[in-house]
file upload.csv (CSV, C-alpha atoms)
chain,number,residue,atom,x,y,z
H,1,MET,CA,-13.1,-194.9,-69.9
H,2,ASP,CA,-15.9,-192.7,-68.6
H,3,ARG,CA,-19.1,-194.0,-67.0
H,4,ARG,CA,-21.2,-193.8,-70.2
H,5,GLN,CA,-18.6,-195.8,-72.2
H,6,LEU,CA,-18.5,-198.4,-69.5
H,7,CYS,CA,-22.2,-198.7,-69.4
H,8,GLU,CA,-22.5,-198.9,-73.2
H,9,GLY,CA,-20.0,-201.7,-73.1
H,10,ILE,CA,-22.1,-203.5,-70.6
H,11,TYR,CA,-25.3,-203.0,-72.7
H,12,SER,CA,-23.6,-204.6,-75.7
H,13,GLN,CA,-23.5,-207.9,-73.9
H,14,ARG,CA,-26.4,-210.2,-74.8
H,15,GLN,CA,-28.9,-211.6,-72.4
H,16,MET,CA,-28.1,-209.0,-69.8
H,17,PRO,CA,-30.6,-209.3,-66.9
H,18,LEU,CA,-33.0,-206.4,-66.7
H,19,LYS,CA,-32.0,-205.7,-63.0
H,20,ASP,CA,-28.4,-205.3,-64.0
H,21,GLU,CA,-29.3,-203.1,-67.0
H,22,ILE,CA,-31.3,-200.8,-64.8
H,23,LYS,CA,-28.5,-200.6,-62.2
H,24,ALA,CA,-26.0,-199.8,-65.0
H,25,ILE,CA,-28.2,-196.9,-66.3
H,26,ALA,CA,-28.8,-195.6,-62.7
H,27,SER,CA,-25.1,-195.6,-62.1
H,28,GLU,CA,-24.5,-193.8,-65.4
H,29,ILE,CA,-27.0,-191.0,-64.8
H,30,ARG,CA,-26.3,-190.6,-61.1
H,31,ASP,CA,-24.3,-187.5,-61.3
H,32,ASP,CA,-26.8,-185.7,-63.5
H,33,ILE,CA,-29.7,-186.7,-61.3
H,34,LEU,CA,-27.7,-185.7,-58.2
H,35,ALA,CA,-27.1,-182.2,-59.8
H,36,LYS,CA,-30.9,-181.9,-60.4
H,37,ARG,CA,-31.5,-182.8,-56.8
H,38,ARG,CA,-29.1,-180.1,-55.6
H,39,HIS,CA,-30.6,-177.5,-57.9
H,40,LEU,CA,-34.1,-178.3,-56.5
H,41,HIS,CA,-32.8,-178.2,-53.0
H,42,GLN,CA,-31.3,-174.8,-53.5
H,43,HIS,CA,-34.5,-173.4,-55.1
H,44,PRO,CA,-37.4,-174.7,-52.9
H,45,GLU,CA,-40.9,-173.4,-53.3
H,46,LEU,CA,-44.0,-173.6,-51.1
H,47,SER,CA,-47.2,-175.5,-51.7
H,48,PHE,CA,-49.1,-174.5,-54.9
H,49,LYS,CA,-46.3,-172.0,-55.7
H,50,GLU,CA,-43.9,-174.6,-57.3
H,51,PHE,CA,-43.7,-172.6,-60.6
H,52,ASN,CA,-40.0,-172.9,-61.2
H,53,THR,CA,-39.9,-176.4,-60.0
H,54,SER,CA,-42.6,-177.3,-62.5
H,55,ALA,CA,-40.7,-175.6,-65.3
H,56,PHE,CA,-37.5,-177.4,-64.3
H,57,ILE,CA,-39.4,-180.8,-64.5
H,58,LYS,CA,-40.9,-180.0,-67.9
H,59,LYS,CA,-37.5,-178.9,-69.3
H,60,SER,CA,-36.0,-182.2,-68.2
H,61,LEU,CA,-38.8,-184.2,-69.7
H,62,ASP,CA,-38.6,-182.3,-73.0
H,63,GLU,CA,-34.9,-183.0,-73.2
H,64,TRP,CA,-35.6,-186.7,-73.0
H,65,GLY,CA,-38.6,-186.6,-75.4
H,66,ILE,CA,-41.1,-187.6,-72.8
H,67,PRO,CA,-44.6,-186.1,-73.3
H,68,TRP,CA,-46.3,-184.4,-70.4
H,69,MET,CA,-49.4,-182.4,-69.5
H,70,PRO,CA,-50.0,-179.9,-66.7
H,71,ALA,CA,-52.3,-180.8,-63.7
H,72,ALA,CA,-53.4,-179.1,-60.5
H,73,ASN,CA,-51.8,-175.8,-61.7
H,74,THR,CA,-48.2,-176.5,-61.0
H,75,GLY,CA,-48.3,-180.3,-61.2
H,76,VAL,CA,-47.0,-182.3,-64.2
H,77,ILE,CA,-48.2,-185.7,-65.5
H,78,ALA,CA,-45.7,-187.4,-67.9
H,79,THR,CA,-46.7,-190.6,-69.8
H,80,LEU,CA,-44.6,-193.4,-71.3
H,81,GLN,CA,-46.5,-195.7,-73.6
H,82,GLY,CA,-45.1,-199.2,-73.9
H,83,ASN,CA,-45.9,-202.1,-76.2
H,84,LYS,CA,-49.2,-203.0,-74.6
H,85,THR,CA,-51.9,-201.1,-73.0
H,86,ASP,CA,-53.6,-203.6,-70.7
H,87,LYS,CA,-51.8,-202.4,-67.5
H,88,THR,CA,-51.2,-198.9,-66.3
H,89,ILE,CA,-49.0,-197.9,-63.3
H,90,ALA,CA,-48.6,-194.5,-61.8
H,91,LEU,CA,-45.5,-193.3,-59.9
H,92,ARG,CA,-45.8,-190.3,-57.7
H,93,ALA,CA,-43.4,-187.7,-56.3
H,94,ASP,CA,-44.4,-184.6,-54.4
H,95,MET,CA,-42.8,-181.2,-55.1
H,96,ASP,CA,-43.3,-178.6,-52.4
H,97,ALA,CA,-41.1,-177.4,-49.6
H,98,LEU,CA,-41.7,-176.2,-46.1
H,99,PRO,CA,-41.7,-172.8,-44.4
H,100,ILE,CA,-38.5,-173.5,-42.5
H,101,GLN,CA,-35.2,-171.5,-42.5
H,102,GLU,CA,-32.4,-173.9,-43.4
H,103,GLU,CA,-29.6,-174.3,-40.9
H,104,THR,CA,-27.3,-176.7,-42.7
H,105,ASN,CA,-23.8,-176.1,-44.0
H,106,LEU,CA,-24.5,-177.5,-47.5
H,107,THR,CA,-22.9,-175.6,-50.4
H,108,PHE,CA,-26.3,-175.9,-52.1
H,109,LYS,CA,-28.5,-174.8,-49.2
H,110,SER,CA,-31.7,-173.0,-49.9
H,111,ILE,CA,-31.3,-169.5,-51.3
H,112,ASN,CA,-35.0,-168.8,-50.7
H,113,HIS,CA,-35.3,-167.2,-47.2
H,114,GLY,CA,-37.6,-169.1,-44.9
H,115,VAL,CA,-38.2,-172.0,-47.3
H,116,MET,CA,-36.5,-175.4,-47.2
H,117,HIS,CA,-36.8,-178.9,-48.6
H,118,ALA,CA,-36.9,-180.3,-45.1
H,119,CYS,CA,-39.1,-183.3,-46.0
H,120,GLY,CA,-37.1,-184.6,-49.0
H,121,HIS,CA,-39.4,-183.6,-51.8
H,122,ASP,CA,-36.4,-182.4,-53.8
H,123,LEU,CA,-35.1,-185.9,-53.8
H,124,HIS,CA,-38.5,-187.3,-54.5
H,125,VAL,CA,-38.7,-185.2,-57.7
H,126,ALA,CA,-35.1,-185.9,-58.7
H,127,SER,CA,-35.5,-189.6,-58.2
H,128,LEU,CA,-38.7,-189.7,-60.3
H,129,LEU,CA,-36.9,-187.8,-63.0
H,130,GLY,CA,-34.2,-190.5,-62.8
H,131,VAL,CA,-36.9,-193.1,-63.2
H,132,ALA,CA,-38.3,-191.2,-66.2
H,133,HIS,CA,-34.8,-191.2,-67.8
H,134,ILE,CA,-34.3,-195.0,-67.2
H,135,LEU,CA,-37.7,-195.9,-68.5
H,136,LYS,CA,-37.3,-193.8,-71.6
H,137,ARG,CA,-34.0,-195.6,-72.3
H,138,LEU,CA,-35.7,-198.9,-72.0
H,139,GLU,CA,-39.1,-197.8,-73.4
H,140,LYS,CA,-39.2,-200.6,-76.0
H,141,LYS,CA,-39.2,-203.2,-73.2
H,142,ILE,CA,-42.2,-201.7,-71.4
H,143,ASN,CA,-45.4,-203.7,-71.6
H,144,GLY,CA,-48.0,-201.2,-70.5
H,145,THR,CA,-48.4,-197.5,-69.7
H,146,VAL,CA,-46.5,-195.5,-67.1
H,147,LYS,CA,-47.8,-192.2,-65.7
H,148,LEU,CA,-45.3,-190.1,-63.8
H,149,VAL,CA,-47.1,-187.9,-61.3
H,150,PHE,CA,-45.2,-184.8,-60.2
H,151,GLN,CA,-47.6,-183.6,-57.6
H,152,PRO,CA,-47.8,-180.1,-55.9
H,153,ALA,CA,-48.7,-179.2,-52.4
H,154,GLU,CA,-48.5,-182.3,-50.2
H,155,GLU,CA,-47.6,-180.2,-47.2
H,156,ILE,CA,-50.8,-178.0,-47.0
H,157,LEU,CA,-54.5,-178.8,-46.9
H,158,PRO,CA,-56.4,-179.8,-49.0
H,159,GLY,CA,-53.3,-181.1,-50.7
H,160,GLY,CA,-52.4,-181.6,-54.3
H,161,ALA,CA,-53.4,-185.3,-54.6
H,162,ILE,CA,-57.1,-184.6,-54.3
H,163,LYS,CA,-56.8,-182.0,-57.1
H,164,ILE,CA,-55.0,-184.5,-59.3
H,165,LEU,CA,-57.8,-187.0,-58.8
H,166,GLN,CA,-60.5,-184.5,-59.4
H,167,GLU,CA,-59.0,-183.5,-62.7
H,168,GLY,CA,-59.2,-187.1,-63.9
H,169,VAL,CA,-55.7,-187.2,-65.2
H,170,LEU,CA,-55.2,-190.8,-63.8
H,171,LEU,CA,-58.0,-192.1,-66.0
H,172,ASN,CA,-58.1,-192.9,-69.7
H,173,PRO,CA,-56.3,-195.2,-69.3
H,174,LYS,CA,-57.3,-195.7,-65.7
H,175,VAL,CA,-54.4,-196.4,-63.4
H,176,ASP,CA,-54.3,-200.0,-62.0
H,177,VAL,CA,-51.8,-199.4,-59.3
H,178,ILE,CA,-49.8,-196.4,-57.9
H,179,LEU,CA,-46.5,-196.4,-56.1
H,180,GLY,CA,-44.8,-193.7,-54.0
H,181,GLN,CA,-41.7,-193.5,-52.0
H,182,HIS,CA,-40.7,-191.1,-49.1
H,183,ILE,CA,-37.3,-190.5,-47.7
H,184,MET,CA,-36.6,-191.6,-44.2
H,185,PRO,CA,-33.4,-190.4,-42.4
H,186,SER,CA,-33.8,-193.0,-39.6
H,187,ILE,CA,-33.2,-195.8,-42.2
H,188,GLU,CA,-29.7,-196.2,-43.6
H,189,SER,CA,-29.1,-195.3,-47.2
H,190,GLY,CA,-29.3,-198.3,-49.5
H,191,LYS,CA,-32.2,-199.8,-47.5
H,192,VAL,CA,-35.9,-199.4,-47.8
H,193,GLY,CA,-38.9,-199.8,-45.4
H,194,ILE,CA,-42.2,-201.3,-46.3
H,195,ARG,CA,-45.4,-202.2,-44.5
H,196,LYS,CA,-48.7,-203.7,-45.8
H,197,GLY,CA,-52.1,-202.7,-44.5
H,198,ARG,CA,-52.5,-199.6,-42.3
H,199,PHE,CA,-49.3,-197.5,-42.5
H,200,MET,CA,-49.9,-193.8,-41.9
H,201,ALA,CA,-52.3,-191.8,-39.8
H,202,SER,CA,-55.2,-189.5,-40.7
H,203,MET,CA,-54.6,-185.8,-39.8
H,204,ASP,CA,-57.0,-183.1,-38.7
H,205,GLU,CA,-56.2,-179.6,-37.6
H,206,ILE,CA,-57.9,-178.3,-34.4
H,207,ARG,CA,-58.4,-174.6,-33.6
H,208,ILE,CA,-60.2,-173.5,-30.4
H,209,LYS,CA,-61.1,-170.0,-29.5
H,210,VAL,CA,-61.7,-169.7,-25.7
H,211,LYS,CA,-63.7,-166.5,-24.8
H,212,GLY,CA,-63.9,-165.2,-21.2
H,213,LYS,CA,-63.7,-161.9,-19.3
H,214,GLY,CA,-60.3,-160.6,-18.8
H,215,GLY,CA,-59.0,-158.0,-16.3
H,216,HIS,CA,-56.3,-157.4,-13.7
H,217,GLY,CA,-54.3,-160.4,-12.6
H,218,ALA,CA,-54.7,-159.3,-9.0
H,219,GLU,CA,-58.5,-159.6,-9.2
H,220,PRO,CA,-59.2,-163.1,-10.6
H,221,HIS,CA,-62.5,-163.2,-8.8
H,222,ASN,CA,-63.8,-160.4,-11.1
H,223,ASN,CA,-62.8,-162.3,-14.2
H,224,ASN,CA,-63.7,-165.4,-16.2
H,225,ASP,CA,-60.2,-166.5,-16.9
H,226,PRO,CA,-59.8,-167.9,-20.5
H,227,VAL,CA,-56.2,-168.8,-19.8
H,228,VAL,CA,-57.1,-171.3,-17.0
H,229,ALA,CA,-60.0,-172.5,-19.2
H,230,ALA,CA,-57.7,-173.1,-22.2
H,231,SER,CA,-55.2,-174.9,-20.0
H,232,THR,CA,-57.9,-177.1,-18.5
H,233,ILE,CA,-59.3,-177.9,-22.0
H,234,ILE,CA,-55.8,-179.0,-23.2
H,235,VAL,CA,-55.3,-181.3,-20.2
H,236,THR,CA,-58.8,-182.7,-20.1
H,237,LEU,CA,-58.8,-183.5,-23.9
H,238,GLN,CA,-55.9,-185.9,-23.4
H,239,GLN,CA,-58.3,-188.2,-21.6
H,240,ILE,CA,-60.1,-188.7,-25.0
H,241,VAL,CA,-57.0,-190.6,-26.2
H,242,SER,CA,-56.2,-192.3,-22.8
H,243,ARG,CA,-59.8,-193.2,-21.7
H,244,SER,CA,-62.2,-193.1,-24.6
H,245,ASN,CA,-60.0,-194.6,-27.3
H,246,ASN,CA,-59.5,-198.4,-27.7
H,247,PRO,CA,-55.8,-198.9,-26.7
H,248,LYS,CA,-55.4,-201.1,-29.8
H,249,THR,CA,-56.0,-198.1,-32.1
H,250,PRO,CA,-53.1,-195.7,-32.3
H,251,SER,CA,-54.2,-192.1,-31.7
H,252,VAL,CA,-52.4,-188.8,-31.0
H,253,LEU,CA,-53.8,-185.5,-29.8
H,254,SER,CA,-51.2,-182.7,-29.6
H,255,PHE,CA,-51.4,-179.0,-29.1
H,256,GLY,CA,-48.5,-176.9,-30.3
H,257,LYS,CA,-49.7,-173.4,-30.2
H,258,ILE,CA,-51.3,-171.2,-27.5
H,259,GLU,CA,-51.9,-167.5,-27.9
H,260,ALA,CA,-52.9,-165.5,-24.8
H,261,ASN,CA,-52.2,-161.9,-25.5
H,262,GLY,CA,-52.1,-160.8,-21.9
H,263,SER,CA,-49.2,-160.0,-19.6
H,264,THR,CA,-47.8,-160.8,-16.2
H,265,ASN,CA,-50.7,-159.0,-14.5
H,266,ILE,CA,-53.2,-158.9,-17.3
H,267,ILE,CA,-55.7,-161.6,-18.0
H,268,PRO,CA,-56.9,-161.5,-21.7
H,269,ASP,CA,-60.4,-161.9,-22.9
H,270,VAL,CA,-59.5,-164.5,-25.5
H,271,VAL,CA,-57.1,-167.4,-25.8
H,272,PHE,CA,-56.4,-169.3,-29.1
H,273,ILE,CA,-55.3,-173.0,-29.1
H,274,GLU,CA,-54.1,-175.0,-32.2
H,275,GLY,CA,-53.3,-178.6,-32.4
H,276,THR,CA,-53.6,-181.9,-34.4
H,277,PHE,CA,-55.5,-185.1,-34.0
H,278,ARG,CA,-54.2,-188.3,-35.7
H,279,THR,CA,-55.4,-191.9,-35.7
H,280,MET,CA,-55.5,-195.1,-37.7
H,281,ASP,CA,-59.2,-195.7,-37.7
H,282,GLU,CA,-61.7,-193.6,-39.6
H,283,HIS,CA,-64.7,-194.6,-37.4
H,284,TRP,CA,-62.9,-193.6,-34.2
H,285,ARG,CA,-61.8,-190.4,-36.0
H,286,GLU,CA,-65.4,-189.3,-36.4
H,287,GLU,CA,-66.2,-190.2,-32.7
H,288,ALA,CA,-63.2,-188.3,-31.5
H,289,HIS,CA,-64.2,-185.1,-33.4
H,290,LYS,CA,-67.5,-185.1,-31.5
H,291,LYS,CA,-65.9,-185.7,-28.2
H,292,ILE,CA,-63.3,-182.9,-28.7
H,293,ILE,CA,-66.2,-180.5,-29.3
H,294,GLU,CA,-68.3,-181.8,-26.4
H,295,VAL,CA,-65.4,-181.8,-23.9
H,296,SER,CA,-64.1,-178.4,-24.9
H,297,LYS,CA,-67.5,-176.7,-24.6
H,298,SER,CA,-68.2,-178.4,-21.3
H,299,VAL,CA,-64.9,-177.5,-19.7
H,300,ALA,CA,-65.1,-173.9,-20.9
H,301,GLY,CA,-68.7,-173.5,-19.7
H,302,GLY,CA,-67.9,-175.0,-16.3
H,303,LEU,CA,-65.3,-172.2,-15.9
H,304,GLY,CA,-67.6,-169.4,-17.0
H,305,CYS,CA,-66.2,-169.2,-20.5
H,306,GLU,CA,-67.3,-170.0,-24.0
H,307,CYS,CA,-65.4,-171.6,-26.9
H,308,ASP,CA,-65.6,-171.9,-30.6
H,309,ILE,CA,-64.1,-175.0,-32.2
H,310,ASP,CA,-63.0,-175.6,-35.8
H,311,ILE,CA,-61.8,-179.0,-36.8
H,312,LYS,CA,-60.4,-178.9,-40.3
H,313,ARG,CA,-60.5,-182.4,-41.7
H,314,GLY,CA,-57.2,-183.4,-43.3
H,315,TYR,CA,-55.8,-186.4,-45.0
H,316,PRO,CA,-57.3,-189.9,-44.4
H,317,CYS,CA,-55.4,-192.9,-43.1
H,318,LEU,CA,-53.0,-194.4,-45.6
H,319,HIS,CA,-53.6,-198.1,-46.3
H,320,ASN,CA,-51.2,-200.1,-48.4
H,321,CYS,CA,-52.9,-202.8,-50.5
H,322,GLU,CA,-51.9,-206.1,-48.9
H,323,THR,CA,-51.8,-208.1,-52.2
H,324,LEU,CA,-49.8,-205.4,-54.1
H,325,THR,CA,-47.5,-204.7,-51.2
H,326,ASP,CA,-46.6,-208.4,-50.9
H,327,LYS,CA,-45.7,-208.4,-54.6
H,328,ILE,CA,-43.7,-205.2,-54.3
H,329,HIS,CA,-41.9,-206.6,-51.3
H,330,SER,CA,-40.9,-209.7,-53.3
H,331,TYR,CA,-39.7,-207.5,-56.2
H,332,MET,CA,-37.6,-205.4,-53.8
H,333,ARG,CA,-35.9,-208.6,-52.6
H,334,GLU,CA,-34.8,-209.3,-56.2
H,335,TYR,CA,-33.4,-205.9,-56.7
H,336,ILE,CA,-31.7,-205.0,-53.4
H,337,GLY,CA,-31.7,-208.2,-51.4
H,338,ASP,CA,-33.7,-209.2,-48.3
H,339,THR,CA,-31.2,-207.8,-45.9
H,340,ASN,CA,-31.8,-204.3,-47.2
H,341,ILE,CA,-35.5,-204.4,-46.6
H,342,ILE,CA,-37.0,-203.4,-43.3
H,343,GLU,CA,-40.6,-204.2,-42.3
H,344,THR,CA,-41.5,-200.9,-40.7
H,345,ASP,CA,-44.0,-200.1,-37.9
H,346,ILE,CA,-46.9,-197.7,-38.4
H,347,TRP,CA,-46.0,-194.1,-38.8
H,348,MET,CA,-48.2,-191.4,-37.2
H,349,ALA,CA,-47.3,-188.8,-39.8
H,350,SER,CA,-49.8,-188.2,-42.5
H,351,GLU,CA,-49.7,-188.1,-46.3
H,352,ASP,CA,-52.1,-187.1,-49.0
H,353,PHE,CA,-50.9,-190.2,-51.0
H,354,ALA,CA,-53.7,-191.7,-48.9
H,355,TYR,CA,-56.2,-190.2,-51.3
H,356,TYR,CA,-54.7,-192.3,-54.2
H,357,ALA,CA,-54.8,-195.3,-51.9
H,358,GLN,CA,-58.6,-194.8,-51.5
H,359,ASN,CA,-59.0,-195.0,-55.3
H,360,PHE,CA,-56.4,-197.4,-56.6
H,361,SER,CA,-54.3,-200.3,-55.4
H,362,SER,CA,-51.3,-198.7,-53.8
H,363,CYS,CA,-48.0,-199.2,-52.1
H,364,PHE,CA,-46.2,-196.4,-50.3
H,365,TYR,CA,-42.7,-197.2,-49.0
H,366,LEU,CA,-39.8,-195.6,-47.3
H,367,LEU,CA,-36.4,-194.9,-49.0
H,368,GLY,CA,-33.5,-194.9,-46.5
H,369,THR,CA,-31.4,-191.7,-46.6
H,370,GLY,CA,-29.5,-191.9,-43.3
H,371,TYR,CA,-25.8,-192.0,-42.7
H,372,TYR,CA,-24.5,-195.2,-41.0
H,373,GLY,CA,-23.3,-194.8,-37.5
H,374,ARG,CA,-24.4,-191.3,-36.8
H,375,THR,CA,-27.5,-189.4,-35.6
H,376,ASN,CA,-29.5,-188.1,-38.6
H,377,PRO,CA,-31.7,-185.0,-38.1
H,378,SER,CA,-35.3,-185.9,-38.6
H,379,LEU,CA,-37.8,-184.6,-41.2
H,380,HIS,CA,-39.2,-181.1,-40.9
H,381,THR,CA,-36.2,-179.8,-39.0
H,382,PRO,CA,-33.9,-177.0,-40.2
H,383,THR,CA,-30.8,-179.3,-40.1
H,384,MET,CA,-32.3,-182.2,-42.0
H,385,GLU,CA,-29.8,-183.7,-44.5
H,386,ILE,CA,-29.7,-186.8,-46.6
H,387,ASN,CA,-27.0,-189.2,-47.7
H,388,GLU,CA,-27.1,-188.7,-51.4
H,389,GLU,CA,-25.8,-192.3,-52.0
H,390,CYS,CA,-29.5,-193.2,-51.8
H,391,ILE,CA,-30.3,-191.7,-55.1
H,392,GLU,CA,-29.2,-194.7,-57.2
H,393,THR,CA,-31.3,-197.0,-55.0
H,394,GLY,CA,-34.3,-194.7,-55.2
H,395,MET,CA,-34.5,-194.3,-59.0
H,396,GLY,CA,-33.2,-197.8,-59.8
H,397,LEU,CA,-35.6,-199.6,-57.5
H,398,MET,CA,-38.7,-197.8,-58.6
H,399,SER,CA,-37.8,-198.4,-62.2
H,400,TYR,CA,-37.4,-202.1,-61.5
H,401,LEU,CA,-40.7,-202.3,-59.6
H,402,THR,CA,-42.4,-200.7,-62.6
H,403,PHE,CA,-41.0,-203.2,-65.0
H,404,ARG,CA,-41.8,-206.2,-62.7
H,405,TYR,CA,-45.4,-205.1,-62.3
H,406,LEU,CA,-46.0,-204.4,-66.0
H,407,ASN,CA,-44.0,-207.1,-67.5
H,408,LEU,CA,-43.9,-210.1,-65.2
H,409,THR,CA,-46.9,-210.1,-62.8
H,410,GLU,CA,-49.5,-212.7,-63.1

call {"tool": "encode", "arguments": {"input": "upload.csv", "output": "structure tokens"}}
result
Amino acid sequence: MDRRQLCEGIYSQRQMPLKDEIKAIASEIRDDILAKRRHLHQHPELSFKEFNTSAFIKKSLDEWGIPWMPAANTGVIATLQGNKTDKTIALRADMDALPIQEETNLTFKSINHGVMHACGHDLHVASLLGVAHILKRLEKKINGTVKLVFQPAEEILPGGAIKILQEGVLLNPKVDVILGQHIMPSIESGKVGIRKGRFMASMDEIRIKVKGKGGHGAEPHNNNDPVVAASTIIVTLQQIVSRSNNPKTPSVLSFGKIEANGSTNIIPDVVFIEGTFRTMDEHWREEAHKKIIEVSKSVAGGLGCECDIDIKRGYPCLHNCETLTDKIHSYMREYIGDTNIIETDIWMASEDFAYYAQNFSSCFYLLGTGYYGRTNPSLHTPTMEINEECIETGMGLMSYLTFRYLNLTE
């Protein structure tokens, strides 16, 4: 007896609990969704260039008879209409990959040079496709409207979420709540992580151009050294976090790129610095921007240099609605059991899902994708892999959360 025959036999039983029905369908379609995930992993596309990914999503939705509409160029919004229209829930998956050369030994590793799904967006899409399939099969039991948001360009500013919102595709009917999940290799497959309230940090990009007067390295007294000025700026700016910030407010100021096109005995005229500032408080975020500019200019000027500073405002802090997250947490217990739920700490990464959270009640949670008993490479690394056993949990849990919100909430 194959998997589908087994599941059909199970479906024929009367009074089957919805939870078990969802689990049975998730088990049945696992191999198909797994194949979709591997296809997506092998064919990654960068932000706002997800043309083939978009076509692949549309083809799958067409096969299942689920209507869709384009959004934000490469994005796709699918809709399932249930028996009632008084509640609307949105489920979001991001689609884009990263500019990383994959270094895994997977048989389905990326064939696109320098592009890799190193943040799990391939699994996000595949899991949401699985949710679409499950919900379509149980469409007659849905009391409300479900919008499936396949969103482009989470990895690059300004992000695809803001474009989705600007186009108004989450209105008419207006979304009441929105859910999203993100893979997490540090959490074992089969488990999930959740946190109410502030969860993820804001993110801003900092670019500083330090201008001085270069010359021979043997004659520093004849120069205004921008290398020394840039180095001093980096070190001094750290005091903004350690001395100006309230220690109760998580903040990170990191610089990952310095360009000084000189040589062992050549001091350049210009040095470029690039970094990121992240925090969990929007008011402090504004203050910190001002201090970064003031300190950088003051330090550069004190060393006979000048500097231009560009702070590109990125995603805001991500705040999970306390009331909704409490409900989602309780629904998770019903589906996977309390021992498989981890109450996570704050995460200083950033997510453009935060824009949805500013407009709708939201809950963004983590899907465990790690292997038990081994070190799992982290996100945004060329060796990042996932334990594919997580895929049944991912699509089954989100399907169950959807039904519980639409059908059984107060």

call {"tool": "closest_residue", "arguments": {"input": "upload.csv", "among": "H:Ile162, H:Ile194, H:Cys305, H:Val177", "to": "Asp326 in chain H", "atoms": "only C-alpha atoms"}}
result
H:Ile194

call {"tool": "residues_around", "arguments": {"input": "upload.csv", "residues": "range 229-243 of chain H", "least_positions_apart": "2", "cutoff": "7 Å", "atoms": "all atoms listed in the file", "output": "number ranges by chain"}}
result
H: 210, 225-227, 245, 251-253, 271, 292, 295-296, 299-300, 303

call {"tool": "residues_around", "arguments": {"input": "upload.csv", "residues": "Gln166 in chain H", "least_positions_apart": "5", "cutoff": "12 Å", "atoms": "all atoms listed in the file", "output": "PyMOL selection string"}}
result
chain H and resi 71-72+159-161+171+355-356+359

call {"tool": "closest_residue", "arguments": {"input": "upload.csv", "among": "H:Glu294, H:Glu259, H:Asp204, H:Asp176", "to": "Lys87 in chain H", "atoms": "all atoms listed in the file"}}
result
H:Asp176

call {"tool": "residues_around", "arguments": {"input": "upload.csv", "residues": "His43 in chain H", "least_positions_apart": "4", "cutoff": "8 Å", "atoms": "only C-alpha atoms", "output": "PDB file with C-alpha atoms, keeping the file's coordinate frame"}}
result
ATOM      1  CA  HIS H  39     -30.600-177.500 -57.900  1.00  0.00           C
ATOM      2  CA  THR H  53     -39.900-176.400 -60.000  1.00  0.00           C
ATOM      3  CA  SER H 110     -31.700-173.000 -49.900  1.00  0.00           C
ATOM      4  CA  ILE H 111     -31.300-169.500 -51.300  1.00  0.00           C
ATOM      5  CA  ASN H 112     -35.000-168.800 -50.700  1.00  0.00           C
TER       6      ASN H 112
END

call {"tool": "closest_residue", "arguments": {"input": "upload.csv", "among": "H:Gly262, H:Gly212, H:Gly256, H:Gly217", "to": "Glu306 in chain H", "atoms": "only C-alpha atoms"}}
result
H:Gly212

call {"tool": "residues_near_point", "arguments": {"input": "upload.csv", "point": "(-26.6, -191.4, -49.3)", "cutoff": "7 Å", "atoms": "only C-alpha atoms", "output": "list in words"}}
result
Ser189, Thr369, Gly370, Tyr371, Ile386, Asn387, Glu388, Glu389, Cys390 and Ile391 of chain H

call {"tool": "closest_residue", "arguments": {"input": "upload.csv", "among": "H:Gly394, H:Pro17, H:Pro44, H:Gly144", "to": "Gly82 in chain H", "atoms": "all atoms listed in the file"}}
result
H:Gly144

call {"tool": "atom_distance", "arguments": {"input": "upload.csv", "atom1": "CA of Ile336 in chain H", "atom2": "CA of Ile134 in chain H"}}
result
17.2 Å

call {"tool": "closest_residue", "arguments": {"input": "upload.csv", "among": "H:Met384, H:Leu157, H:Val76, H:Ala24", "to": "Gln101 in chain H", "atoms": "all atoms listed in the file"}}
result
H:Met384

call {"tool": "atom_distance", "arguments": {"input": "upload.csv", "atom1": "CA of Ile206 in chain H", "atom2": "CA of Asp281 in chain H"}}
result
17.8 Å

call {"tool": "closest_residue", "arguments": {"input": "upload.csv", "among": "H:Glu21, H:Glu322, H:Glu343, H:Asp62", "to": "Lys141 in chain H", "atoms": "only C-alpha atoms"}}
result
H:Glu21

call {"tool": "residues_near_point", "arguments": {"input": "upload.csv", "point": "(-38.7, -200.4, -55.1)", "cutoff": "8 Å", "atoms": "only C-alpha atoms", "output": "ChimeraX atom specification"}}
result
/H:192,328-329,331-332,335,365,394,396-401

call {"tool": "write_last_selection", "arguments": {"input": "upload.csv", "atoms": "C-alpha atoms", "output": "JSON list (two decimals), in the coordinates of the input"}}
result
[["chain", "number", "residue", "atom", "x", "y", "z"],
["H", 192, "VAL", "CA", -35.90, -199.40, -47.80],
["H", 328, "ILE", "CA", -43.70, -205.20, -54.30],
["H", 329, "HIS", "CA", -41.90, -206.60, -51.30],
["H", 331, "TYR", "CA", -39.70, -207.50, -56.20],
["H", 332, "MET", "CA", -37.60, -205.40, -53.80],
["H", 335, "TYR", "CA", -33.40, -205.90, -56.70],
["H", 365, "TYR", "CA", -42.70, -197.20, -49.00],
["H", 394, "GLY", "CA", -34.30, -194.70, -55.20],
["H", 396, "GLY", "CA", -33.20, -197.80, -59.80],
["H", 397, "LEU", "CA", -35.60, -199.60, -57.50],
["H", 398, "MET", "CA", -38.70, -197.80, -58.60],
["H", 399, "SER", "CA", -37.80, -198.40, -62.20],
["H", 400, "TYR", "CA", -37.40, -202.10, -61.50],
["H", 401, "LEU", "CA", -40.70, -202.30, -59.60]]

call {"tool": "atom_distance", "arguments": {"input": "upload.csv", "atom1": "CA of Ile309 in chain H", "atom2": "CA of Lys297 in chain H"}}
result
8.5 Å

call {"tool": "residues_around", "arguments": {"input": "upload.csv", "residues": "Lys209 in chain H", "least_positions_apart": "6", "cutoff": "8 Å", "atoms": "all atoms listed in the file", "output": "ChimeraX atom specification"}}
result
/H:270-273,307-309
